[in-house]
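Asks: So that we are looking at the same thing, I have put the structure below in structure tokens.
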Amino acid sequence: MTIKTISTKAFDDQKPGTSGLRKKTPVFMQPNYLENFVQSIFTAIGGATGKTLVLGGDGRYFNDTAAQTILRMAAANGAKRVIVGQNAVLSTPAASHLIRLYKTDGGIIMSASHNPGGPEEDFGVKFNMPNGGPAPEAVTEAMYAATKTLTEYKTLDTPDIDLSAIGRVDVGGMQVDVVDPVADYATLMESLFDFGAIRAMFTAGFTMRFDAMCAVTGPYAREILENRLGAAPGTVVNGTPLPDFGGMHPDPNPTWAKALMDEMFSPDAPAFGAASDGDGDRNMVVGKGIYVSPSDSLAVLAANAHLAPAYAGGLKGVARSMPTSAAVDRVAEFLGIKDYETPTGWKFFGNLLDEGCVTICGEESFGTGSDHVREKDGLWAVLLWLNILAVRKESVAEILKQHWEKFGRNYYSRHDFEAIETAKADAMMAELRGKLDGLAGVAFDHHLKIAEADDFAYTDPVDGSLSQKQGVRILFQDGSRIVMRLSGTGTEGATLRLYLERYAPGPEGLDLDPQEALRPVIEAAHEIAGISRHTGRKEPDVIT
Ligand code: G6P
Ligand code: ZN
């Protein structure tokens, strides 16, 4: 086995986004493309020499080949040890856990999350830090800088490493530990939740459906729900991970997880339904005949977390991204705990979690998690729901109803307009930003009057860093709210995200259809931003 130094030319498009570098798979498969980025990761972290790293991915197309490349390069760059999931598979939260559990120097995760996989679809690579969380901007900037100047990379001349068998192999002096991707994660979940109570609930006839969307959580959900908790065989559907996710779009929302929605709204629906995304960090929760919006899910979890052993002592604080509804704020106020509002992106929770400011975080984009890892965690959210259901012995619908009666209801919806021409989307946002100062006092039908409008900026309370232009907020006098921002994760053109919210204090008017309840706010948003004038679109592609 000899170390080879290969000459290469810099690519000019290797700037990591919110979640590392994401590109179409053929882009990643170009000669030297992956190699250049991996070498740049090593440069940005001060070299791989002597380091212990975790490696795994969501099993999408190219995952296995990329893993071999990364292992060869890690060995050639002097890494001491790589802990890799069997067949190079690890869910994102499981990777975060392994990074922390084995006190490693970080890890490389291969995934494009909820984006489709396959030869013509998406692939991605990101680096997580020793705390288990995504690399902060300073580190991703250093990676980007390295991609622009590198001229060579190091690799090892060695045949493929067998990743199918659990155990230890030596690769050019580097120790490769192939581990069961599920075991340590399942043990962690067992330490957080009352598995006995949940098992008893299943034994008593409780039914659920978990749609793994042919993505990475299949084996995790089978082991935890069916094997350890005794859910009926077949509870987990689409449970075999496939390189192209069976042609599905592995994004758990009412549009892409339609089969689950249909089942949950059918006469013989199980009591509880859930789905997870490509790499297992997102979740959608549905009760029998009732959809739980991610913002409501976060609020209910925060209000009831003390029913699970890990959170029995109470929460230190909670955090939500700015576009997420204020439902959790009302819970925080009631509990007398701190409540943080951050920009979109899980990385903004990292400092708050590391400093012990918050215990639970969540986003409207189907992400919920806690301080047990440094990524959002789909199965964790499902298990916390199950723990709550097992203790309260009430249905999802009853729990939501009681929650709204106590706290009022934040009607909420997100409308996505996808694949808009970038120039048009930019022009729309620029025009909107240009008129924010003049919006206060402007009134619409239905007694809606704008109280204030701004562009969200955030100063991290831990490191003082400032993030500007994080989304336009239009706040109405009655507490209603419109937020507009362009997605940072789309791969085709621009995606406009329009977030809509209206607060109903109750006791009347708590069970309207959200789209009906929000109609005046939706109309105002279209009028203010001129969405159809700029983009030609009247109707959203996705409604959550
Ligand atoms: C990823 C991030 C999330 C973020 C989401 C939405 O999943 O991990 O933290 O909320 O993207 O991003 P977008 O920019 O597309 O709205
Ligand atoms: Zn994901």
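Naming scheme: A, B, ... for chains in displayed order of the structure tokens; residues 1 onward per chain; ligands 1 onward as shown.
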Which residues form the shell of 7 Å around ligand 1 when you count only C-alpha atoms and all ligand atoms, given as a ChimeraX atom specification?
Replies: /A:18-19,344-347,363,365,367,486-490,497
Asks: Using only C-alpha atoms and all ligand atoms, what are the residues with an atom within 10 Å of ligand 2, set out as a list in words?
Replies: Ser19, Asp58, Ser91, Thr92, Pro93, Ser111, Ala112, Ser113, His114, Asn115, Pro250, Asp251, Pro252, Ser276, Asp277, Gly278, Asp279, Gly280, Asp281, Arg282, Asn283, Ser365, Phe366, Gly367, Glu375, Lys376, Asp377 and Gly378 of chain A
Asks: Wanna dump the segment 157-242 of chain A-segment 117-131 of chain A contacts at 12 Å for me, each residue with its shortest atom pair and the distance in Å to one decimal, counting only C-alpha atoms, ordered by chain and number, as a Markdown table?
Replies:
| residue | atom | partner | partner_atom | distance |
| --- | --- | --- | --- | --- |
| A:Met213 | CA | A:Gly117 | CA | 11.9 |
| A:Cys214 | CA | A:Gly117 | CA | 10.7 |
| A:Ala215 | CA | A:Gly117 | CA | 9.6 |
| A:Val216 | CA | A:Gly117 | CA | 11.8 |
| A:Pro241 | CA | A:Gly117 | CA | 11.2 |
| A:Leu242 | CA | A:Gly117 | CA | 9.0 |
Asks: Go ahead and write the residues just picked, N, CA and C atoms, as a CSV table (one decimal), in the first residue's frame.
Replies:
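Output file part_30.csv is given in full below:
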chain,number,residue,atom,x,y,z
A,213,MET,N,-39.8,5.9,4.3
A,213,MET,CA,-39.6,6.5,3.0
A,213,MET,C,-38.4,5.9,2.2
A,214,CYS,N,-38.2,4.6,2.4
A,214,CYS,CA,-37.0,3.8,1.8
A,214,CYS,C,-35.7,4.5,2.1
A,215,ALA,N,-35.6,5.2,3.2
A,215,ALA,CA,-34.4,5.9,3.5
A,215,ALA,C,-33.7,5.3,4.8
A,216,VAL,N,-32.8,6.0,5.4
A,216,VAL,CA,-31.9,5.4,6.3
A,216,VAL,C,-32.6,4.9,7.6
A,241,PRO,N,-33.7,0.6,3.2
A,241,PRO,CA,-33.1,1.7,2.5
A,241,PRO,C,-32.7,1.4,1.1
A,242,LEU,N,-33.0,2.2,0.2
A,242,LEU,CA,-32.6,2.0,-1.2
A,242,LEU,C,-31.8,3.2,-1.8
Asks: Identify which of the residues A:Thr151, A:Thr207, A:Gln14, A:Ser321 lies closest to Pro233 of chain A, counting only C-alpha atoms when measuring atom-to-atom distances.
Replies: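 Going through A:Thr151, A:Thr207, A:Gln14, A:Ser321 one by one, the smallest distance to Pro233 of chain A is for A:Thr207.
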Asks: Let me make sure I understand: among A:Ala259, A:Ala381, A:Val236, A:Val169, which one has the smallest atom-to-atom distance to Leu298 of chain A if we use only C-alpha atoms?
Replies: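 Residue with the minimum atom-to-atom distance to Leu298 of chain A: A:Ala381.
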Asks: For Lys15 of chain A, list every protein, DNA or RNA residue within 9 Å, evaluated using only C-alpha atoms, and leave out those in the same chain fewer than 3 positions away; present the list as a PyMOL selection string.
Replies: chain A and resi 12+20-21+140-141+143-145+147
Asks: Since we have the selection now, will you write its residues out, keeping C-alpha atoms, as a PDB file, in the first residue's frame?
Replies:
ATOM      1  CA  ASP A  12     -14.790  26.980  -8.275  1.00  0.00           C
ATOM      2  CA  GLY A  20     -22.130  21.051   3.766  1.00  0.00           C
ATOM      3  CA  LEU A  21     -21.565  20.646   0.054  1.00  0.00           C
ATOM      4  CA  THR A 140     -16.859  25.887   6.242  1.00  0.00           C
ATOM      5  CA  GLU A 141     -15.302  29.151   5.024  1.00  0.00           C
ATOM      6  CA  MET A 143     -12.925  24.576   3.599  1.00  0.00           C
ATOM      7  CA  TYR A 144     -14.097  26.806   0.778  1.00  0.00           C
ATOM      8  CA  ALA A 145     -10.835  28.757   0.845  1.00  0.00           C
ATOM      9  CA  THR A 147     -10.951  24.240  -2.305  1.00  0.00           C
TER      10      THR A 147
END
Asks: Which residue gives the smallest distance to Gly218 of chain A among A:Thr235, A:Gln477, A:Thr240, A:Gln39, with only C-alpha atoms counted?
Replies: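 Of the candidates, the smallest distance to Gly218 of chain A is held by A:Thr240.
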Asks: Skipping near chain neighbours, those fewer than 6 positions away, what residues fall within 7 Å of segment 416-418 of chain A using only C-alpha atoms, listed as a list in words?
Replies: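 Surrounding residues, per the criterion: Ala494, Thr495, Leu496, Arg497, Leu498, Pro540, Asp541, Val542 and Ile543 of chain A.
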Asks: Hey, what's within 10 Å of segment 101-110 of chain A if we count only C-alpha atoms and toss same-chain stuff fewer than 4 positions away? As JSON, numbers by chain, please?
Replies: {"A": [19, 20, 21, 22, 38, 41, 45, 48, 50, 51, 52, 53, 54, 55, 56, 57, 58, 59, 60, 62, 63, 64, 66, 67, 70, 81, 82, 83, 84, 88, 89, 90, 91, 92, 95, 96, 97, 123, 124, 125, 126, 127, 128, 129, 130, 131, 132, 133, 134, 135, 184, 185, 188, 279, 373]}
Asks: Can you work out which one of A:Lys401, A:Arg168, A:Arg485, A:Arg222 has the shortest atom-to-atom distance to Ile290 of chain A, counting only C-alpha atoms?
Replies: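 With only C-alpha atoms as the atom set, the closest residue is A:Lys401.
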Asks: I need the residues in segment 179-288 of chain A that are strand (DSSP E or B) according to DSSP; give them as a list in words.
Replies: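 Matching residues for strand (DSSP E or B) in segment 179-288 of chain A are Val179, Met208, Arg209, Phe210, Asp211, Val236, Val237, Phe272, Gly273, Ala274, Ala275, Ser276, Arg282, Asn283, Met284, Val285, Val286 and Gly287 of chain A.
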Asks: Between A:Ala165, A:Ala397, A:Val328, A:Ala430, which residue has the minimum interatomic distance to Val286 of chain A, considering only C-alpha atoms?
Replies: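 Using only C-alpha atoms, the shortest distance to Val286 of chain A belongs to A:Ala397.
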Asks: Residues at most 9 Å from segment 452-466 of chain A, counting only C-alpha atoms, excluding those fewer than 5 positions away in the same chain, as JSON, numbers by chain?
Replies: {"A": [322, 341, 342, 343, 348, 351, 352, 355, 433, 436, 437, 438, 439, 440, 441, 471, 472, 473, 474, 475, 476, 477]}
Asks: For Phe210 of chain A, find every residue with an atom within 10 Å (counting only C-alpha atoms), except residues of its own chain fewer than 3 positions away, and show them as a list in words.
Replies: Met213, Thr217, Gly218, Ala221, Arg222, Leu225, Gly234, Thr235, Val236, Val237, Asn238, Gly239, Leu260, Phe272, Gly273, Ala274, Ala275, Ser276, Met284, Val285, Leu379 and Val382 of chain A
Asks: As a list of chain:residue names, please: every residue in segment 107-164 of chain A that a backbone DSSP assignment puts in alpha helix (DSSP H).
Replies: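 Of segment 107-164 of chain A, only A:Glu137, A:Ala138, A:Val139, A:Thr140, A:Glu141, A:Ala142, A:Met143, A:Tyr144, A:Ala145, A:Ala146, A:Thr147, A:Lys148, A:Thr149 fall in alpha helix (DSSP H).
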Asks: Could you dump the residues just selected with C-alpha atoms as a tab-separated table (two decimals), in the first residue's frame?
Replies:
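Final output, saved to part.tsv:
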chain	number	residue	atom	x	y	z
A	137	GLU	CA	-19.28	29.07	9.25
A	138	ALA	CA	-15.65	29.83	10.13
A	139	VAL	CA	-14.77	26.20	9.41
A	140	THR	CA	-16.86	25.89	6.24
A	141	GLU	CA	-15.30	29.15	5.02
A	142	ALA	CA	-11.87	27.64	5.64
A	143	MET	CA	-12.92	24.58	3.60
A	144	TYR	CA	-14.10	26.81	0.78
A	145	ALA	CA	-10.83	28.76	0.84
A	146	ALA	CA	-8.90	25.49	0.66
A	147	THR	CA	-10.95	24.24	-2.31
A	148	LYS	CA	-9.92	27.31	-4.25
A	149	THR	CA	-6.18	26.89	-3.82
Asks: When you count only C-alpha atoms, which of these residues is closest to Tyr503 of chain A: A:Gly479, A:Pro520, A:Gly46, A:Pro181?
Replies: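 Closest to Tyr503 of chain A, using only C-alpha atoms: A:Gly479.
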Asks: Could you work out how far atom CA of Ile531 of chain A lies from atom CA of Glu421 of chain A, giving the answer in Å with one decimal?
Replies: 12.6 Å
Asks: Between atom CA of Asp177 of chain A and atom CA of Thr155 of chain A, what distance in Å does the model show, to one decimal?
Replies: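 Atom CA of Thr155 of chain A lies at a distance of 19.1 Å from atom CA of Asp177 of chain A.
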